[in-house]
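S.K.: Below you'll find the structure I mean.
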Amino acid sequence: MRRALSIAVATAAATCLVGAVLAPGAAGQIAAGQITAEQRDPSTAIDLQPRDRRQTVEGFGFSSAFQRAALLHQISEPQRSEGLDLLLGRDGAAPDILRIGIGGQSHDTYDVMLSIQPEDPGGPDAEPQYQWDGWDNGSVWFAQEARARGVDRFYGNAWTAPAYMKTNGSAVRGGTLCGLSDASCASGDWTEAYANYLVAWADLYAEEGIDIESIAFTNEPDWNTSYESMLFTPEQAAEFTGILGPIAQRSGYGVVCCDSFGWEQGKPYLDALKADKKAWRHLDVFSSHSYASRSATPAGTDKPVWMSEWAASNTAAGWNENWDGGQAVSTDGIVMAEHMHDSLAEAGVTAYLWWLGVSQGASASLIQADVAGDTYRVSSRYYVFSAFSRFIDPGAVRFDAEHEVDGLKVSAYRNPDGSRVVQLLNLNEAPVRTDIDLPRRVTTYLTDNEHDLERVDAIATSVRGSTELDLPARSLVTLVSGRG
C-alpha cells in the first residue's frame with residue numbers, strides 16, 4: 001500500500017542543506033524549517049543554463065522483437081487493451097519510437113523471428129520469393145496498435161540475414177554476409193540481395209499502413225551468440241552501409257548502424273563509417289548498445305546518436321517490480337533511472353531505447369505479460385521510462401544544469417512548446433534540500449519506493465523567482481514548468 005508523502009526537515013544532520021548561506025545560529029532555524037529570505041543566498045544551488053544548448057532529443061522507445069509483443073495479444077480483453085494503453089498510450093509510457101525486429105529464421109517457434117524469405121530462392125540473382133502473412137511475428141499487429149495510440153516513428157532492425165546468405169549457413173552463431181570483404185561463399189555475393197530483402201520487408205509494412213522510417217541491418221555485430229546473429233567487422237559494416245544506403249534511400253528509407261554490444265566497443269564502428277566516404281554519406285543514425293560498456297561518454301559525431309538497447313539482466317532476482325529494493329539488484333527502477341540520465345546527460349544521445357516493452361518471466365521489460373494468468377504486471381522501470389518519455393517531447397533540447405550537490409544527478413530540457421522539464425535523481429540515502437532557478441510554478445512528479453510517477457505538490461515551493469526543493473532520499477523527481 002502506498003503511503004502519502006510527508007517530508008519533514010527534522011535535523012540538519014538528517015538533511016543535506018545545499019544552496020543556502022548560513023548566518024550564525026541559522027542551523028537551528030533551518031532544522032525547524034525557519035530559513036528566511038534574508039538568510040537565503042541570492043543564487044540557486046541548481047543553476048539552469050538554457051543558452052548552453054546540447055543535443056536535440058528525438059525520443060524514447062523500445063523493441064517488439066522475438067515475438068514478445070505478441071504475448072499481449074494472447075491476453076483477453078479488457079486486460080489486453082489496458083496493457084496496450086499503458087505501454088503505448090500518450091498517458092502511459094508514451095513511446096516515440098518502436099524498434100521492430102526483421103526476421104531471419106526459417107521457422108516461427110516462440111522466441112525466434114520468421115523471415116519473409118525463409119528458403120533460398122535459387123541464388124543471389126534469382127527472383128525473390130517473399131512470403132508475407134501480415135502478422136510478422138506479431139509485430140505488425142503491435143505496430144498498428146502503437147500507431148493508433150500516437151506512435152509515429154518505426155524502424156526495422158535485423159539480427160541476421162537468412163542462413164543461405166551467410167558464411168556459416170545458419171541464422172545463429174554468427175557467420176558473415178556472403179560477398180563482403182573476406183567473406184566469400186560458393187553460393188555467390190548476397191550483399192545486394194540482402195539490401196533488397198531489407199527494403200522489401202519495409203515495403204510490406206507500408207502495405208499494412210506502417211511507414212518504416214529507417215533500416216538497421218545488424219544487431220551486435222561483434223557478439224557471437226546462440227540466437228539470431230551475424231558478425232561484421234567495423235570495416236565490413238561500413239562496406240555494407242555503402243551498399244544498402246543507395247538502395248534504401250531510393251525507396252525512402254534511412255540507414256541505422258551499428259548496434260555494437262557495448263558503447264565503447266561501438267566507437268571503432270563509428271570510426272570505420274567516418275573513414276568510408278560512401279558509407280558516411282548514406283548513414284542517417286549511429287547506434288550502439290550499453291552492455292559491455294556503459295553509455296556515459298560522447299560518441300563523437302554530430303549525426304544522431306541512439307542508445308538503441310540496454311536492459312539490466314538478473315534472472316536470479318526473478319520478475320522485479322522494485323524501485324529500490326535495497327539489495328543493489330540491477331533490475332531496480334533506480335538503476336534504470338541513472339542509466340537514462342547518464343545516456344542523455346553524459347553520452348548526449350538523441351534517442352534512448354530500452355530493450356523490451358513487454359515480455360514474460362524474469363525479464364527486465366517494462367511490463368510483464370502473464371499469459372497463464374490472463375493478466376499483466378507493471379514494474380518500476382515502466383514508471384522511470386514514462387517519467388522521461390511522457391514529459392520530454394520529440395524536438396526537446398537538453399541544456400546545461402550546473403550544481404555541486406553530492407549524490408544528485410540533474411538534467412534539463414526545453415520542449416518545442418516552450419515548457420521545461422527537469423529530472424532530479426537523488427541517489428543519497430538522505431533527503432536533499434536545495435533550490436533551482438525555475439521562476440514559474442512547476443508540477444512535480446515523484447517516483448520512489450512508495451510513489452509511481454505520482455503528482456506530489458509538497459516537494460517544490462515557489463519562492464521569489466525560484467523554486468525550493470525537498471527531494472526524498474533515493475528518488476526521481478520530475479519537474480514540469482510552463483505546460484498548459
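Residue numbers start at 1 in each chain; chains themselves are named A, B, ... in the order of the C-alpha cells; ligands are numbered from 1 in the order shown.
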Please identify which residues in segment 374-438 of chain A DSSP calls helix (DSSP H, G or I) from the backbone, and express them as a list in words.
M.R.: Ser380, Arg381, Tyr382, Tyr383, Val384, Phe385, Ser386, Ala387, Phe388 and Ser389 of chain A
S.K.: Any chance you could export the current selection's C-alpha atoms as a CSV table (one decimal), in the first residue's frame?
M.R.:
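Contents of part.csv, freshly written:
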chain,number,residue,atom,x,y,z
A,380,SER,CA,9.0,0.5,-11.6
A,381,ARG,CA,11.0,0.5,-14.8
A,382,TYR,CA,7.8,1.4,-16.6
A,383,TYR,CA,7.4,4.5,-14.4
A,384,VAL,CA,11.0,5.5,-14.9
A,385,PHE,CA,10.7,5.2,-18.7
A,386,SER,CA,7.4,7.2,-18.5
A,387,ALA,CA,8.9,10.0,-16.4
A,388,PHE,CA,11.2,10.7,-19.3
A,389,SER,CA,9.2,9.8,-22.4
S.K.: Skip Trp141 of chain A itself and residues of its chain fewer than 3 positions away, then list as a PyMOL selection string all residues within 12 Å of it, counting only C-alpha atoms.
M.R.: chain A and resi 64+67-73+84+100+133-138+144-148+205+208-210
S.K.: Using only C-alpha atoms, can you tell me which of A:Ile102, A:Ile116, A:Val151, A:Ala186 comes closest to Thr218 of chain A?
M.R.: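 Checking each candidate against Thr218 of chain A, we get A:Ile102 as the closest.
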S.K.: My list of candidates is A:Tyr376, A:Tyr253, A:Phe240, A:Phe232. Which is closest to Asn219 of chain A when distances are computed with only C-alpha atoms?
M.R.: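 The shortest atom-to-atom distance to Asn219 of chain A comes from A:Phe232.
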S.K.: What's the 8 Å shell around Val477 of chain A, counting only C-alpha atoms, without same-chain residues fewer than 3 positions away, as a ChimeraX atom specification?
M.R.: /A:423-425,444-447,471
S.K.: For atom CA of Asp437 of chain A and atom CA of His341 of chain A, determine how far apart the two atoms are, in Å to one decimal place.
M.R.: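 Taking atom CA of Asp437 of chain A and atom CA of His341 of chain A, their separation equals 20.1 Å.
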